[in-house]
Amino acid sequence: MFATNSGTKSMNRKILNIVVNGESHQVLIEPHWTLLQVLRNEIGMMGTKENCLEAECGVCTVLLDGKAINSCILLAGQVEGCSITTIEGIGDPEHLHPLQEAFIECGAVQCGYCIPGMILTAKSFLDENPGCRPSRDEIREAIAGTLCRCTGYRKIIDAVATAADRIALSGAKQ
Ligand code: FES
Ligand code: FES
């Protein structure tokens with residue numbers, strides 16, 4: 001029998017098969033659980049943040065088959081067989097993603113709560129536009145769904161522009 005970390009018991013539980021950061025998982029879920037709940041409570045991906053729970057702030061953003069989505073409003077049962085990337089899946093302290101490097105270099109992180117969602121949103125945008133060197137307005141538009149209470153966005157836009165330049169120059173998808 002499968003156990004859930006939440007310890008809830010229901011006749012409606014079902015097994016969800018998902019790949020998170022390249023690793024396959026089978027999770028016993030309740031029908032009402034969101035992807036955010038599964039990622040944080042069952043798989044332990046705490047880099048995915050929770051806040052508004054109504055698709056307003058973007059801190060819960062993950063990549064679903066490469067596209068940025070708000071995991072707080074997506075039922076886990078809808079992602080059967082899908083591949084999810086969280087912030088833990090795009091770099092580590094020894095091998096940072098260019099976006100992570102640029103956020104550090106540009107001083108774009110204050111409290112940090114929005115940053116996983118911000119970086120994944122920017123990654124989705126850059127991946128969808130390979131080789132692009134977006135204008136500041138294009139970056140502002142791309143990250144508009146992710147709110148930051150701390151930075152005023154200027155340094156975040158600097159960071160995304162810096163990373164986009166480096167990725168474009170390297171000619172590689174990161
Ligand atoms: S917690 Fe999902 S958008 Fe705010
Ligand atoms: S760095 Fe604090 S909310 Fe963005």
# chains A, B, ... in the order shown; residues from 1 in each chain; ligands from 1
call {"tool": "residues_around", "arguments": {"residues": "stretch 20-28 of chain A", "least_positions_apart": "6", "cutoff": "9 Å", "atoms": "only C-alpha atoms", "output": "VMD selection string"}}
result
chain A and resid 2 to 4 13 to 14 38 to 39 42 to 43 82 to 90
call {"tool": "residues_near_ligand", "arguments": {"ligand": "ligand 1", "cutoff": "9 Å", "atoms": "only C-alpha atoms and all ligand atoms", "output": "MDAnalysis selection string"}}
result
chainID A and resid 36 49:61 69:73 145:147
call {"tool": "residues_near_ligand", "arguments": {"ligand": "ligand 2", "cutoff": "7 Å", "atoms": "only C-alpha atoms and all ligand atoms", "output": "PDB file with C-alpha atoms, in the first residue's frame"}}
result
ATOM      1  CA  VAL A 109      17.388  38.560  -4.924  1.00  0.00           C
ATOM      2  CA  GLN A 110      16.149  40.102  -1.698  1.00  0.00           C
ATOM      3  CA  CYS A 111      13.836  37.957   0.448  1.00  0.00           C
ATOM      4  CA  GLY A 112      13.941  35.339  -2.309  1.00  0.00           C
ATOM      5  CA  TYR A 113      10.350  34.167  -2.026  1.00  0.00           C
ATOM      6  CA  CYS A 114       9.444  35.027  -5.621  1.00  0.00           C
ATOM      7  CA  ILE A 115      12.752  33.965  -7.129  1.00  0.00           C
ATOM      8  CA  LEU A 147       4.961  39.369  -8.384  1.00  0.00           C
ATOM      9  CA  CYS A 148       7.914  40.616  -6.336  1.00  0.00           C
ATOM     10  CA  ARG A 149       7.313  42.688  -3.229  1.00  0.00           C
ATOM     11  CA  CYS A 150      10.979  43.546  -2.684  1.00  0.00           C
ATOM     12  CA  THR A 151      13.094  44.437  -5.677  1.00  0.00           C
TER      13      THR A 151
END
call {"tool": "select_by_dssp", "arguments": {"residues": "stretch 55-91 of chain A", "states": "strand (DSSP E)", "output": "mmCIF file with N, CA and C atoms, in the first residue's frame"}}
result
data_model
loop_
_atom_site.group_PDB
_atom_site.id
_atom_site.type_symbol
_atom_site.label_atom_id
_atom_site.label_comp_id
_atom_site.auth_asym_id
_atom_site.auth_seq_id
_atom_site.Cartn_x
_atom_site.Cartn_y
_atom_site.Cartn_z
ATOM 1 N N THR A 61 5.123 28.776 -9.486
ATOM 2 C CA THR A 61 5.375 28.406 -10.879
ATOM 3 C C THR A 61 6.363 27.245 -10.980
ATOM 4 N N VAL A 62 6.004 26.282 -11.814
ATOM 5 C CA VAL A 62 6.912 25.194 -12.213
ATOM 6 C C VAL A 62 6.783 25.039 -13.718
ATOM 7 N N LEU A 63 7.642 24.223 -14.302
ATOM 8 C CA LEU A 63 7.545 23.936 -15.726
ATOM 9 C C LEU A 63 6.837 22.601 -15.911
ATOM 10 N N LEU A 64 5.767 22.630 -16.703
ATOM 11 C CA LEU A 64 5.017 21.421 -17.052
ATOM 12 C C LEU A 64 5.335 21.115 -18.505
ATOM 13 N N LYS A 67 6.678 24.223 -20.059
ATOM 14 C CA LYS A 67 5.913 25.479 -20.039
ATOM 15 C C LYS A 67 5.647 25.905 -18.602
ATOM 16 N N ALA A 68 5.790 27.203 -18.350
ATOM 17 C CA ALA A 68 5.548 27.719 -17.005
ATOM 18 C C ALA A 68 4.057 27.697 -16.691
ATOM 19 N N ILE A 69 3.719 27.119 -15.537
ATOM 20 C CA ILE A 69 2.310 27.081 -15.108
ATOM 21 C C ILE A 69 2.248 27.341 -13.599
ATOM 22 N N ASN A 70 1.072 27.770 -13.145
ATOM 23 C CA ASN A 70 0.855 27.958 -11.711
ATOM 24 C C ASN A 70 0.403 26.638 -11.110
ATOM 25 N N SER A 83 5.964 15.596 -17.233
ATOM 26 C CA SER A 83 7.297 15.899 -16.696
ATOM 27 C C SER A 83 7.278 17.300 -16.093
ATOM 28 N N ILE A 84 7.678 17.375 -14.843
ATOM 29 C CA ILE A 84 7.660 18.639 -14.103
ATOM 30 C C ILE A 84 9.102 19.032 -13.786
ATOM 31 N N THR A 85 9.385 20.316 -13.948
ATOM 32 C CA THR A 85 10.684 20.836 -13.508
ATOM 33 C C THR A 85 10.443 21.885 -12.440
#
call {"tool": "select_by_dssp", "arguments": {"residues": "stretch 9-87 of chain A", "states": "helix (DSSP H, G or I)", "output": "ChimeraX atom specification"}}
result
/A:35-42,76-79,87
call {"tool": "write_last_selection", "arguments": {"atoms": "C-alpha atoms", "output": "PDB file, in the first residue's frame"}}
result
ATOM      1  CA  LEU A  35       0.150  19.829  -8.114  1.00  0.00           C
ATOM      2  CA  LEU A  36       1.606  22.322  -5.623  1.00  0.00           C
ATOM      3  CA  GLN A  37       0.462  20.174  -2.691  1.00  0.00           C
ATOM      4  CA  VAL A  38       1.972  17.060  -4.243  1.00  0.00           C
ATOM      5  CA  LEU A  39       5.285  18.743  -5.020  1.00  0.00           C
ATOM      6  CA  ARG A  40       5.706  20.237  -1.556  1.00  0.00           C
ATOM      7  CA  ASN A  41       3.964  17.772   0.757  1.00  0.00           C
ATOM      8  CA  GLU A  42       4.543  14.440  -0.953  1.00  0.00           C
ATOM      9  CA  ALA A  76      -2.495  16.809  -9.571  1.00  0.00           C
ATOM     10  CA  GLY A  77      -4.682  14.273 -11.372  1.00  0.00           C
ATOM     11  CA  GLN A  78      -4.397  16.388 -14.531  1.00  0.00           C
ATOM     12  CA  VAL A  79      -0.631  15.870 -14.823  1.00  0.00           C
ATOM     13  CA  ILE A  87      13.765  25.142  -9.231  1.00  0.00           C
TER      14      ILE A  87
END
call {"tool": "residues_around", "arguments": {"residues": "A:Ile143", "least_positions_apart": "2", "cutoff": "9 Å", "atoms": "only C-alpha atoms", "output": "PyMOL selection string"}}
result
chain A and resi 118+121-122+125+138-141+145-147+157
call {"tool": "atom_distance", "arguments": {"atom1": "atom CA of A:Phe103", "atom2": "atom CA of A:Arg166"}}
result
12.9 Å
call {"tool": "atom_distance", "arguments": {"atom1": "atom CA of A:Cys132", "atom2": "atom CA of A:Gly107"}}
result
22.8 Å
call {"tool": "atom_distance", "arguments": {"atom1": "atom CA of A:Ile104", "atom2": "atom CA of A:Asn129"}}
result
23.0 Å
call {"tool": "residues_around", "arguments": {"residues": "A:Leu99", "least_positions_apart": "2", "cutoff": "9 Å", "atoms": "only C-alpha atoms", "output": "ChimeraX atom specification"}}
result
/A:96-97,101-104,119,122-123,159-160,162-164
call {"tool": "closest_residue", "arguments": {"among": "A:Glu80, A:Pro134, A:Gln100, A:Leu120", "to": "A:Asn17", "atoms": "only C-alpha atoms"}}
result
A:Glu80
call {"tool": "residues_around", "arguments": {"residues": "A:Gly81", "least_positions_apart": "4", "cutoff": "9 Å", "atoms": "only C-alpha atoms", "output": "list in words"}}
result
Leu16, Asn17, Ile18 and Val19 of chain A
call {"tool": "write_last_selection", "arguments": {"atoms": "N, CA and C atoms", "output": "PDB file, in the first residue's frame"}}
result
ATOM      1  N   LEU A  16      -0.770   8.570  -8.835  1.00  0.00           N
ATOM      2  CA  LEU A  16      -0.308   9.520  -9.849  1.00  0.00           C
ATOM      3  C   LEU A  16       1.125   9.162 -10.226  1.00  0.00           C
ATOM      4  N   ASN A  17       1.352   9.056 -11.530  1.00  0.00           N
ATOM      5  CA  ASN A  17       2.717   8.832 -12.033  1.00  0.00           C
ATOM      6  C   ASN A  17       3.215  10.134 -12.629  1.00  0.00           C
ATOM      7  N   ILE A  18       4.269  10.689 -12.075  1.00  0.00           N
ATOM      8  CA  ILE A  18       4.860  11.886 -12.673  1.00  0.00           C
ATOM      9  C   ILE A  18       6.372  11.794 -12.597  1.00  0.00           C
ATOM     10  N   VAL A  19       7.002  12.565 -13.483  1.00  0.00           N
ATOM     11  CA  VAL A  19       8.453  12.698 -13.475  1.00  0.00           C
ATOM     12  C   VAL A  19       8.768  14.105 -12.972  1.00  0.00           C
TER      13      VAL A  19
END
call {"tool": "closest_residue", "arguments": {"among": "A:Ile15, A:Cys106, A:Ala161, A:Ile29", "to": "A:Asp137", "atoms": "only C-alpha atoms"}}
result
A:Ala161
call {"tool": "residues_around", "arguments": {"residues": "A:Gly131", "least_positions_apart": "5", "cutoff": "10 Å", "atoms": "only C-alpha atoms", "output": "list in words"}}
result
Leu126, Ala164, Asp165, Arg166, Ile167, Ala168, Leu169, Ser170, Gly171, Ala172 and Lys173 of chain A
call {"tool": "decode", "arguments": {"residues": "stretch 30-171 of chain A", "atoms": "C-alpha atoms", "output": "compact mmCIF listing (two decimals), in the first residue's frame"}}
result
# COMPACT_ATOMS: atom_id res chain seq x y z
CA GLU A 30 -6.66 12.63 -3.22
CA PRO A 31 -8.80 13.96 -6.10
CA HIS A 32 -8.74 17.54 -4.75
CA TRP A 33 -4.99 17.81 -4.29
CA THR A 34 -3.18 20.34 -6.43
CA LEU A 35 0.15 19.83 -8.11
CA LEU A 36 1.61 22.32 -5.62
CA GLN A 37 0.46 20.17 -2.69
CA VAL A 38 1.97 17.06 -4.24
CA LEU A 39 5.29 18.74 -5.02
CA ARG A 40 5.71 20.24 -1.56
CA ASN A 41 3.96 17.77 0.76
CA GLU A 42 4.54 14.44 -0.95
CA ILE A 43 7.75 14.88 -2.97
CA GLY A 44 9.48 17.48 -0.81
CA MET A 45 10.21 20.09 -3.48
CA MET A 46 10.04 23.02 -1.08
CA GLY A 47 11.60 25.44 -3.57
CA THR A 48 8.13 25.67 -5.09
CA LYS A 49 6.48 28.34 -2.94
CA GLU A 50 2.87 28.87 -1.93
CA ASN A 51 1.10 32.12 -1.30
CA CYS A 52 -2.17 33.26 -2.89
CA LEU A 53 -3.34 29.81 -4.10
CA GLU A 54 -5.42 31.53 -6.81
CA ALA A 55 -3.06 32.14 -9.73
CA GLU A 56 -2.36 35.76 -8.77
CA CYS A 57 1.25 35.85 -7.57
CA GLY A 58 3.26 33.26 -9.51
CA VAL A 59 5.41 32.00 -6.63
CA CYS A 60 4.20 28.43 -7.24
CA THR A 61 5.37 28.41 -10.88
CA VAL A 62 6.91 25.19 -12.21
CA LEU A 63 7.54 23.94 -15.73
CA LEU A 64 5.02 21.42 -17.05
CA ASP A 65 6.57 19.73 -20.06
CA GLY A 66 8.69 22.88 -20.38
CA LYS A 67 5.91 25.48 -20.04
CA ALA A 68 5.55 27.72 -17.00
CA ILE A 69 2.31 27.08 -15.11
CA ASN A 70 0.85 27.96 -11.71
CA SER A 71 0.93 24.72 -9.76
CA CYS A 72 -1.53 26.02 -7.15
CA ILE A 73 -4.53 25.83 -9.47
CA LEU A 74 -3.73 22.64 -11.36
CA LEU A 75 -5.17 19.43 -9.96
CA ALA A 76 -2.50 16.81 -9.57
CA GLY A 77 -4.68 14.27 -11.37
CA GLN A 78 -4.40 16.39 -14.53
CA VAL A 79 -0.63 15.87 -14.82
CA GLU A 80 -0.60 12.07 -15.03
CA GLY A 81 2.47 11.02 -17.02
CA CYS A 82 3.82 14.57 -17.33
CA SER A 83 7.30 15.90 -16.70
CA ILE A 84 7.66 18.64 -14.10
CA THR A 85 10.68 20.84 -13.51
CA THR A 86 11.04 22.71 -10.24
CA ILE A 87 13.77 25.14 -9.23
CA GLU A 88 15.70 22.21 -7.72
CA GLY A 89 15.92 20.73 -11.22
CA ILE A 90 17.66 23.49 -13.11
CA GLY A 91 20.92 23.89 -11.26
CA ASP A 92 22.88 23.15 -8.13
CA PRO A 93 25.45 25.17 -6.18
CA GLU A 94 28.32 23.78 -8.29
CA HIS A 95 26.51 24.11 -11.64
CA LEU A 96 24.21 27.09 -11.59
CA HIS A 97 21.92 27.80 -14.52
CA PRO A 98 22.87 31.08 -16.29
CA LEU A 99 19.69 32.65 -14.92
CA GLN A 100 20.69 31.70 -11.38
CA GLU A 101 24.19 33.09 -11.91
CA ALA A 102 22.81 36.32 -13.34
CA PHE A 103 20.29 36.80 -10.52
CA ILE A 104 23.15 36.56 -8.02
CA GLU A 105 25.52 38.81 -10.00
CA CYS A 106 22.87 41.47 -10.60
CA GLY A 107 21.74 41.55 -6.96
CA ALA A 108 18.23 40.58 -8.06
CA VAL A 109 17.39 38.56 -4.92
CA GLN A 110 16.15 40.10 -1.70
CA CYS A 111 13.84 37.96 0.45
CA GLY A 112 13.94 35.34 -2.31
CA TYR A 113 10.35 34.17 -2.03
CA CYS A 114 9.44 35.03 -5.62
CA ILE A 115 12.75 33.96 -7.13
CA PRO A 116 12.08 30.27 -7.94
CA GLY A 117 8.92 31.24 -9.81
CA MET A 118 10.65 34.20 -11.43
CA ILE A 119 13.57 32.10 -12.69
CA LEU A 120 11.33 29.31 -14.01
CA THR A 121 9.08 31.85 -15.73
CA ALA A 122 12.13 33.44 -17.36
CA LYS A 123 13.50 30.04 -18.34
CA SER A 124 10.25 29.09 -20.04
CA PHE A 125 10.29 32.41 -21.94
CA LEU A 126 13.91 32.04 -23.07
CA ASP A 127 13.43 28.39 -24.05
CA GLU A 128 10.40 29.33 -26.16
CA ASN A 129 12.46 32.02 -27.92
CA PRO A 130 15.84 30.41 -28.58
CA GLY A 131 18.66 32.84 -29.24
CA CYS A 132 16.54 35.88 -28.38
CA ARG A 133 18.00 38.93 -26.69
CA PRO A 134 14.78 40.46 -25.42
CA SER A 135 14.19 44.14 -24.74
CA ARG A 136 13.46 45.27 -21.21
CA ASP A 137 9.80 45.70 -22.12
CA GLU A 138 9.66 42.15 -23.50
CA ILE A 139 11.19 40.81 -20.30
CA ARG A 140 8.81 42.87 -18.19
CA GLU A 141 5.89 41.40 -20.13
CA ALA A 142 7.25 37.85 -19.89
CA ILE A 143 7.55 37.96 -16.08
CA ALA A 144 4.39 39.98 -15.49
CA GLY A 145 2.59 37.03 -13.88
CA THR A 146 5.14 36.73 -11.09
CA LEU A 147 4.96 39.37 -8.38
CA CYS A 148 7.91 40.62 -6.34
CA ARG A 149 7.31 42.69 -3.23
CA CYS A 150 10.98 43.55 -2.68
CA THR A 151 13.09 44.44 -5.68
CA GLY A 152 11.12 46.86 -7.81
CA TYR A 153 11.90 44.52 -10.74
CA ARG A 154 14.77 46.57 -12.24
CA LYS A 155 17.50 44.19 -11.10
CA ILE A 156 15.40 41.17 -12.02
CA ILE A 157 15.09 42.53 -15.55
CA ASP A 158 18.86 43.20 -15.57
CA ALA A 159 19.42 39.58 -14.58
CA VAL A 160 17.14 38.08 -17.22
CA ALA A 161 18.73 40.29 -19.90
CA THR A 162 22.22 39.26 -18.78
CA ALA A 163 21.32 35.57 -18.85
CA ALA A 164 19.59 35.89 -22.22
CA ASP A 165 22.72 37.51 -23.71
CA ARG A 166 24.95 34.74 -22.36
CA ILE A 167 22.67 31.95 -23.52
CA ALA A 168 22.34 33.54 -26.97
CA LEU A 169 26.12 33.93 -27.25
CA SER A 170 26.73 30.36 -26.16
CA GLY A 171 24.20 29.17 -28.73
